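Text of the file protein.txt, holding compact mmCIF, C-alpha atoms:
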```
# COMPACT_ATOMS: atom_id res chain seq x y z
CA MET A 15 3.57 -23.32 -21.89
CA LEU A 16 6.41 -25.70 -22.54
CA ALA A 17 8.78 -22.80 -23.00
CA GLU A 18 7.89 -21.45 -19.58
CA ARG A 19 8.27 -24.83 -17.98
CA ARG A 20 11.69 -25.21 -19.53
CA SER A 21 12.87 -21.82 -18.37
CA LEU A 22 11.68 -22.60 -14.87
CA THR A 23 13.70 -25.80 -14.88
CA GLU A 24 16.72 -23.96 -16.24
CA THR A 25 16.51 -21.41 -13.48
CA ARG A 26 16.62 -24.09 -10.88
CA SER A 27 19.47 -26.01 -12.43
CA LYS A 28 21.57 -22.94 -13.14
CA ARG A 29 21.30 -21.66 -9.59
CA GLY A 30 21.32 -25.06 -8.08
CA THR A 31 19.14 -24.13 -5.14
CA ALA A 32 16.87 -21.36 -6.49
CA GLN A 33 13.76 -21.68 -4.40
CA VAL A 34 10.38 -22.19 -5.96
CA PHE A 35 7.63 -20.67 -3.86
CA HIS A 36 4.56 -22.91 -3.78
CA LEU A 37 1.20 -22.01 -2.36
CA SER A 38 -2.08 -23.94 -2.49
CA PHE A 39 -5.30 -22.34 -1.34
CA LEU A 40 -9.06 -22.46 -1.72
CA ALA A 41 -10.55 -20.74 -4.76
CA ASP A 42 -12.45 -18.03 -2.90
CA PRO A 43 -11.90 -14.25 -2.71
CA LEU A 44 -10.56 -14.12 0.85
CA SER A 45 -8.13 -17.00 0.26
CA VAL A 46 -6.92 -15.25 -2.89
CA ARG A 47 -6.36 -12.10 -0.87
CA ALA A 48 -4.36 -14.01 1.73
CA ALA A 49 -2.30 -15.69 -0.99
CA LEU A 50 -1.51 -12.34 -2.60
CA CYS A 51 -0.38 -10.92 0.73
CA ALA A 52 1.78 -13.98 1.43
CA THR A 53 3.34 -13.75 -2.02
CA ARG A 54 4.05 -10.08 -1.61
CA ALA A 55 5.70 -10.65 1.76
CA ARG A 56 7.75 -13.52 0.38
CA PHE A 57 9.23 -11.52 -2.50
CA ALA A 58 9.21 -8.03 -0.98
CA ARG A 59 12.97 -7.83 -0.70
CA GLN A 60 13.55 -9.06 -4.24
CA MET A 61 11.75 -6.33 -6.17
CA SER A 62 10.80 -2.67 -6.02
CA GLU A 63 7.52 -1.40 -4.58
CA ASP A 64 6.32 -0.66 -8.08
CA GLU A 65 7.21 -4.14 -9.34
CA ALA A 66 5.58 -5.76 -6.31
CA GLY A 67 2.40 -3.80 -7.04
CA THR A 68 2.39 -4.90 -10.65
CA LEU A 69 2.97 -8.53 -9.74
CA GLU A 70 0.15 -8.41 -7.19
CA LEU A 71 -2.20 -6.92 -9.77
CA VAL A 72 -1.44 -9.53 -12.46
CA LEU A 73 -1.74 -12.37 -9.97
CA ALA A 74 -4.98 -10.95 -8.59
CA GLU A 75 -6.53 -10.79 -12.05
CA VAL A 76 -5.47 -14.36 -12.87
CA LEU A 77 -6.66 -15.74 -9.53
CA ASN A 78 -9.93 -13.78 -9.44
CA ASN A 79 -10.70 -15.13 -12.88
CA ILE A 80 -10.34 -18.70 -11.64
CA VAL A 81 -12.51 -17.99 -8.59
CA GLU A 82 -15.18 -16.34 -10.71
CA HIS A 83 -15.23 -18.53 -13.81
CA GLY A 84 -13.15 -21.65 -13.16
CA TYR A 85 -15.27 -23.12 -10.42
CA GLY A 86 -19.05 -23.11 -10.18
CA ALA A 87 -20.85 -21.20 -7.44
CA ASP A 88 -21.44 -24.33 -5.35
CA GLU A 89 -18.12 -25.88 -6.15
CA THR A 90 -15.06 -25.64 -3.97
CA GLY A 91 -11.71 -26.00 -5.60
CA THR A 92 -8.11 -25.26 -4.96
CA ILE A 93 -5.56 -23.15 -6.78
CA THR A 94 -1.86 -23.87 -6.76
CA LEU A 95 0.60 -21.08 -7.36
CA SER A 96 4.28 -21.66 -8.09
CA MET A 97 6.73 -18.82 -8.48
CA VAL A 98 10.43 -18.42 -8.90
CA ARG A 99 12.51 -15.26 -9.01
CA ASP A 100 14.84 -15.36 -11.98
CA ARG A 101 17.64 -12.80 -12.27
CA CYS A 102 15.47 -10.46 -14.36
CA SER A 103 11.92 -11.73 -14.02
CA MET A 104 9.37 -13.51 -11.92
CA ILE A 105 8.18 -16.76 -13.46
CA CYS A 106 4.70 -17.76 -12.36
CA SER A 107 2.51 -20.77 -12.94
CA VAL A 108 -1.03 -21.10 -11.70
CA SER A 109 -2.97 -24.35 -11.83
CA ASP A 110 -6.53 -25.33 -10.95
CA ASP A 111 -9.05 -28.14 -11.53
CA GLY A 112 -11.83 -25.88 -12.76
CA VAL A 113 -13.47 -25.74 -16.16
CA GLU A 114 -11.38 -25.18 -19.25
CA LEU A 115 -10.38 -21.61 -19.96
CA PRO A 116 -12.47 -20.56 -22.99
CA ALA A 117 -10.22 -19.96 -26.00
CA ARG A 118 -11.71 -16.50 -26.43
CA CYS A 119 -10.19 -15.39 -23.12
CA LEU A 120 -6.78 -15.52 -24.72
CA ASP A 121 -7.68 -15.24 -28.41
CA HIS A 122 -9.51 -11.98 -28.11
CA LEU A 123 -6.38 -10.36 -26.77
CA TRP A 124 -4.50 -10.72 -30.01
CA ASP A 125 -4.63 -8.38 -32.99
CA GLY A 126 -7.96 -8.27 -34.75
CA GLY A 127 -9.97 -9.38 -31.73
CA PRO A 128 -12.57 -7.27 -29.94
CA SER A 129 -11.15 -4.11 -28.48
CA ARG A 130 -10.59 -3.45 -24.83
CA PRO A 131 -13.32 -1.80 -22.74
CA ALA A 132 -13.69 1.85 -23.74
CA PRO A 133 -13.57 4.24 -20.76
CA GLU A 134 -16.37 6.40 -22.19
CA ASP A 135 -18.74 3.41 -22.02
CA LEU A 136 -18.14 3.31 -18.25
CA PRO A 137 -17.43 -0.43 -18.21
CA GLU A 138 -17.73 -2.23 -14.88
CA GLY A 139 -15.70 -5.22 -15.98
CA GLY A 140 -13.81 -6.88 -18.78
CA PHE A 141 -10.47 -5.31 -17.82
CA GLY A 142 -8.87 -8.38 -16.29
CA TRP A 143 -7.38 -10.13 -19.30
CA PHE A 144 -6.21 -6.88 -20.82
CA LEU A 145 -4.36 -5.97 -17.63
CA ILE A 146 -2.76 -9.42 -17.59
CA ARG A 147 -1.76 -9.13 -21.23
CA ASP A 148 -0.42 -5.57 -20.79
CA LEU A 149 1.75 -6.43 -17.83
CA ALA A 150 2.80 -10.07 -18.23
CA GLU A 151 4.95 -11.65 -20.91
CA ASP A 152 5.13 -15.14 -22.41
CA LEU A 153 1.56 -15.88 -21.39
CA GLY A 154 0.85 -19.56 -21.97
CA TYR A 155 -2.09 -21.86 -21.29
CA HIS A 156 -2.25 -25.62 -21.27
CA ARG A 157 -4.94 -28.07 -20.18
CA GLU A 158 -4.09 -31.62 -19.32
CA GLY A 159 -5.84 -34.30 -17.29
CA GLY A 160 -8.61 -31.93 -16.23
CA ARG A 161 -6.15 -29.38 -14.91
CA ASN A 162 -5.57 -25.87 -16.17
CA LEU A 163 -2.05 -24.51 -16.20
CA LEU A 164 -1.46 -20.85 -16.90
CA THR A 165 2.10 -19.56 -17.03
CA PHE A 166 3.58 -16.13 -17.46
CA ARG A 167 6.66 -14.09 -16.82
CA LEU A 168 6.85 -10.66 -15.29
CA PRO A 169 9.97 -8.75 -16.31
CA LEU A 170 11.79 -7.19 -13.35
CA GLN A 171 14.87 -5.11 -12.84
CA ALA A 172 17.87 -7.41 -12.73
CA LEU A 173 19.19 -8.29 -9.29
CA SER A 174 22.67 -9.27 -8.31
CA SER A 175 22.98 -13.03 -7.83
CA ASP A 176 22.95 -12.92 -4.03
CA GLU A 177 19.48 -11.38 -4.01
CA THR A 178 17.66 -13.90 -6.16
CA GLY A 179 16.37 -16.00 -3.31
CA ALA A 180 18.80 -18.78 -4.03
CA ASP A 181 20.49 -19.94 -0.86
CA SER A 182 23.79 -19.75 -2.68
CA ASP A 183 25.51 -21.20 -5.68
CA HIS A 184 27.57 -23.28 -3.28
CA PRO A 185 25.16 -24.99 -0.92
CA MET B 7 -15.91 -2.74 4.45
CA ASN B 8 -15.29 0.37 6.52
CA LEU B 9 -16.19 3.75 5.12
CA THR B 10 -16.34 7.06 6.95
CA ALA B 11 -18.27 10.01 5.59
CA LYS B 12 -18.28 13.68 6.44
CA LEU B 13 -20.01 16.65 4.88
CA ARG B 14 -17.90 19.77 4.34
CA SER B 15 -20.19 22.58 3.17
CA ASP B 16 -21.79 20.97 0.13
CA THR B 17 -19.20 18.26 -0.44
CA LEU B 18 -19.64 14.71 0.82
CA ILE B 19 -16.23 13.19 1.51
CA ILE B 20 -16.20 9.42 1.84
CA ARG B 21 -13.01 7.79 2.97
CA VAL B 22 -12.30 4.10 2.38
CA GLU B 23 -10.90 2.84 5.69
CA GLU B 24 -9.42 -0.30 4.17
CA ASP B 25 -6.06 -1.21 2.67
CA ARG B 26 -7.61 -3.10 -0.20
CA LEU B 27 -10.48 -2.51 -2.60
CA ASP B 28 -10.57 -5.91 -4.29
CA ALA B 29 -12.82 -8.76 -5.41
CA ALA B 30 -13.35 -9.80 -1.79
CA VAL B 31 -15.09 -6.52 -0.90
CA ALA B 32 -16.28 -5.09 -4.23
CA ILE B 33 -19.98 -5.88 -3.75
CA ARG B 34 -19.97 -4.77 -0.12
CA PHE B 35 -18.25 -1.54 -1.16
CA LYS B 36 -21.03 -0.79 -3.66
CA ASP B 37 -23.70 -1.45 -1.02
CA ARG B 38 -21.97 0.70 1.60
CA MET B 39 -21.45 3.51 -0.90
CA ARG B 40 -25.16 3.48 -1.70
CA GLU B 41 -25.87 4.02 2.00
CA GLU B 42 -23.21 6.69 2.49
CA THR B 43 -24.16 8.69 -0.60
CA ALA B 44 -27.85 8.77 0.32
CA PRO B 45 -27.62 12.25 1.92
CA ALA B 46 -27.92 15.03 -0.62
CA SER B 47 -24.76 16.91 -1.50
CA ALA B 48 -23.50 18.89 -4.46
CA ARG B 49 -20.32 16.83 -4.76
CA VAL B 50 -19.11 13.38 -3.75
CA VAL B 51 -15.37 12.90 -3.23
CA LEU B 52 -14.05 9.38 -2.64
CA ASP B 53 -10.86 9.49 -0.58
CA LEU B 54 -8.73 6.49 -1.55
CA SER B 55 -5.56 7.58 0.24
CA ARG B 56 -5.54 4.56 2.53
CA VAL B 57 -6.08 2.02 -0.27
CA VAL B 58 -2.83 0.44 -1.42
CA PHE B 59 -4.34 -2.23 -3.66
CA LEU B 60 -7.12 -2.07 -6.24
CA ASP B 61 -7.92 -4.84 -8.73
CA SER B 62 -10.30 -4.76 -11.71
CA SER B 63 -13.21 -5.84 -9.48
CA GLY B 64 -12.55 -2.86 -7.22
CA LEU B 65 -12.26 -0.60 -10.24
CA GLY B 66 -15.56 -1.94 -11.60
CA ALA B 67 -17.20 -1.20 -8.25
CA VAL B 68 -15.96 2.41 -8.31
CA VAL B 69 -17.34 2.78 -11.85
CA ALA B 70 -20.67 1.31 -10.71
CA VAL B 71 -20.85 3.87 -7.90
CA MET B 72 -20.11 6.65 -10.37
CA LYS B 73 -22.97 5.47 -12.59
CA SER B 74 -25.36 5.21 -9.64
CA LEU B 75 -24.73 8.88 -8.79
CA ALA B 76 -25.18 10.15 -12.35
CA PRO B 77 -26.55 12.33 -13.73
CA GLU B 78 -27.20 14.47 -10.61
CA ARG B 79 -23.79 14.01 -9.04
CA ARG B 80 -20.38 13.18 -10.37
CA LEU B 81 -18.03 10.94 -8.39
CA GLU B 82 -14.63 12.54 -7.83
CA LEU B 83 -11.56 10.67 -6.60
CA ALA B 84 -8.81 11.86 -4.28
CA GLY B 85 -5.56 10.54 -2.85
CA LEU B 86 -4.75 7.75 -5.27
CA THR B 87 -1.70 5.78 -4.10
CA PRO B 88 0.78 4.72 -6.82
CA ASN B 89 -0.55 1.18 -7.32
CA VAL B 90 -4.14 2.36 -7.43
CA GLU B 91 -3.27 5.13 -9.85
CA LYS B 92 -1.57 2.55 -12.07
CA VAL B 93 -4.82 0.59 -12.50
CA PHE B 94 -6.73 3.73 -13.46
CA HIS B 95 -4.00 4.66 -15.89
CA LEU B 96 -3.63 1.23 -17.55
CA THR B 97 -7.38 0.98 -18.11
CA ARG B 98 -7.57 4.67 -19.12
CA MET B 99 -10.35 5.07 -16.55
CA ASP B 100 -8.38 8.06 -15.25
CA THR B 101 -9.90 9.90 -18.21
CA VAL B 102 -13.48 9.63 -16.93
CA PHE B 103 -13.03 10.59 -13.26
CA PRO B 104 -12.00 13.98 -11.89
CA ILE B 105 -8.91 13.00 -9.86
CA HIS B 106 -7.48 15.20 -7.10
CA ALA B 107 -4.12 14.83 -5.35
CA ASP B 108 -5.88 14.73 -1.98
CA VAL B 109 -9.08 15.80 -0.24
CA ASP B 110 -7.74 19.29 0.47
CA ALA B 111 -7.03 19.79 -3.23
CA ALA B 112 -10.54 18.58 -4.06
CA LEU B 113 -12.07 21.04 -1.60
CA ALA B 114 -9.85 23.89 -2.81
CA GLU B 115 -10.98 23.25 -6.36
CA GLY B 116 -14.60 23.46 -5.25
CA LEU B 117 -13.93 26.84 -3.64
CA ARG B 118 -12.16 28.06 -6.75
CA ASP B 119 -15.07 26.99 -8.94
CA ALA B 120 -17.52 28.67 -6.56
CA GLY B 121 -15.50 31.85 -6.48
```

Structure translated into structure tokens:
Amino acid sequence: MLAERRSLTETRSKRGTAQVFHLSFLADPLSVRAALCATRARFARQMSEDEAGTLELVLAEVLNNIVEHGYGADETGTITLSMVRDRCSMICSVSDDGVELPARCLDHLWDGGPSRPAPEDLPEGGFGWFLIRDLAEDLGYHREGGRNLLTFRLPLQALSSDETGADSDHP
Amino acid sequence: MNLTAKLRSDTLIIRVEEDRLDAAVAIRFKDRMREETAPASARVVLDLSRVVFLDSSGLGAVVAVMKSLAPERRLELAGLTPNVEKVFHLTRMDTVFPIHADVDAALAEGLRDAG
């Protein structure tokens, strides 16, 4: 987690004005959908269609997981999403006030853990974390003061400096 | 959750008239599919050509529909857009569904099998 936070800070300082995109929304399926659409629109010009689709999928899996497991059925909570476009990746952090992410959610993704859902078993779920792990890099989780913070990086094709979303290196 | 269904000879073609098949509509999709697949047909083809986004909840709902039709009928898919195809590929669920380029290809295959 700390590594991600550092790289996010570096991105900002290096570019001077690199913009961090922040979005806070209710932890429910329709709000998640709206947030995904807003995020896609915001970064549409900074990545390919394919990359935008991958980013939307990873974010959807992370956010749906919070909606489904982070907050109880009768509980309303909020999710805060922060993203910044680096030259060759998208750095994302997602925070919420829900219950702690069970260690197994991340542990079982590493070598030696239970295997991913087998297609021949016709699984109706259990894909989410594997999709996240397959597509995202530098996945980190940290809990502090009752808040969950999940960070990850999505590698993207490098852009030239004038496309990164920074206003300019000379404000 | 908008679905439209039409019967072409013995094939029921159900088209998802939505841009997204995601967690927000997954349960409703399963319910609507149960209604739309009630009429008897030899085949059921799900036309996903309008859907540009599918998450794992949407995928799970499609799998649930497939299981609800078995063993009498097998759910076939048609018209997967690139992002939807990616999810099927990453999860290897493209190995358990017959997948056609589009509805016409699905129907042509039926004719070929019949002939």

Identify which of the residues B:Ala30, B:Ala70, B:Val22, B:Leu81 lies closest to Glu82 (chain A), counting all atoms listed in the file when measuring atom-to-atom distances.
->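 Of all the options, B:Ala30 lies closest to Glu82 (chain A).
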
If the box runs along x, y and z of the file and leaves 8 Å on each side of region 21-38 of chain B, what are its centre and edge lengths in Å, one decimal, as JSON?
```
{"center_x": -14.9, "center_y": -1.0, "center_z": 0.1, "size_x": 33.6, "size_y": 33.6, "size_z": 27.1}
```

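The closest residue to Asp16 (chain B), picked from B:Ala111, B:Ala67, B:Met39, B:Val51 and counting all atoms listed in the file, is B:Val51.
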
Can you tell me, as a CSV table (one decimal) with C-alpha atoms, in the frame of the given file, what residues are no more than 6 Å from region 72-81 of chain A when counting all atoms listed in the file, ignoring any on the same chain fewer than 5 positions away?
```csv
chain,number,residue,atom,x,y,z
A,41,ALA,CA,-10.6,-20.7,-4.8
A,42,ASP,CA,-12.4,-18.0,-2.9
A,142,GLY,CA,-8.9,-8.4,-16.3
A,146,ILE,CA,-2.8,-9.4,-17.6
```

Using only C-alpha atoms, I'd like a table of the residues in chain B that come within 12 Å of chain A; for each, show the closest atom pair and its distance in Å rounded to one decimal, ordered by chain and ascending number, as CSV.
```
residue,atom,partner,partner_atom,distance
B:Asp25,CA,A:Cys51,CA,11.4
B:Arg26,CA,A:Arg47,CA,9.1
B:Leu27,CA,A:Arg47,CA,10.6
B:Asp28,CA,A:Arg47,CA,8.2
B:Ala29,CA,A:Pro43,CA,6.2
B:Ala30,CA,A:Pro43,CA,4.8
B:Val31,CA,A:Pro43,CA,8.6
B:Ala32,CA,A:Pro43,CA,10.3
B:Ile33,CA,A:Pro43,CA,11.7
B:Lys36,CA,A:Glu138,CA,11.8
B:Val58,CA,A:Gly67,CA,8.8
B:Phe59,CA,A:Gly67,CA,7.7
B:Leu60,CA,A:Leu71,CA,7.8
B:Asp61,CA,A:Leu71,CA,6.2
B:Ser62,CA,A:Gly142,CA,6.0
B:Ser63,CA,A:Gly139,CA,7.0
B:Gly64,CA,A:Glu138,CA,9.3
B:Leu65,CA,A:Glu138,CA,7.4
B:Gly66,CA,A:Glu138,CA,3.9
B:Ala67,CA,A:Glu138,CA,6.7
B:Val68,CA,A:Glu138,CA,8.2
B:Val69,CA,A:Glu138,CA,5.9
B:Ala70,CA,A:Glu138,CA,6.2
B:Val71,CA,A:Glu138,CA,9.8
B:Met72,CA,A:Leu136,CA,8.8
B:Lys73,CA,A:Leu136,CA,7.7
B:Ser74,CA,A:Leu136,CA,11.4
B:Ala76,CA,A:Leu136,CA,11.5
B:Thr87,CA,A:Gly67,CA,10.8
B:Pro88,CA,A:Asp64,CA,7.8
B:Asn89,CA,A:Gly67,CA,5.8
B:Val90,CA,A:Gly67,CA,9.0
B:Glu91,CA,A:Gly67,CA,10.9
B:Lys92,CA,A:Thr68,CA,8.6
B:Val93,CA,A:Leu145,CA,8.3
B:Phe94,CA,A:Pro133,CA,10.0
B:His95,CA,A:Pro133,CA,10.7
B:Leu96,CA,A:Leu145,CA,7.2
B:Thr97,CA,A:Phe141,CA,7.0
B:Arg98,CA,A:Pro133,CA,6.2
B:Met99,CA,A:Pro133,CA,5.4
B:Asp100,CA,A:Pro133,CA,8.5
B:Thr101,CA,A:Pro133,CA,7.2
B:Val102,CA,A:Pro133,CA,6.6
B:Phe103,CA,A:Pro133,CA,9.8
```

What gap, in Å, lies between CA of Leu170 (chain A) and CA of Arg56 (chain B)?
-> 26.3 Å

Shell around region 166-168 of chain A at 6 Å using all atoms listed in the file, local window under 4 positions removed, as a count of residues only = 8

Atom-to-atom span, CA of Leu113 (chain B) and CA of Arg80 (chain B), Å |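 Those two atoms sit 14.4 Å apart.
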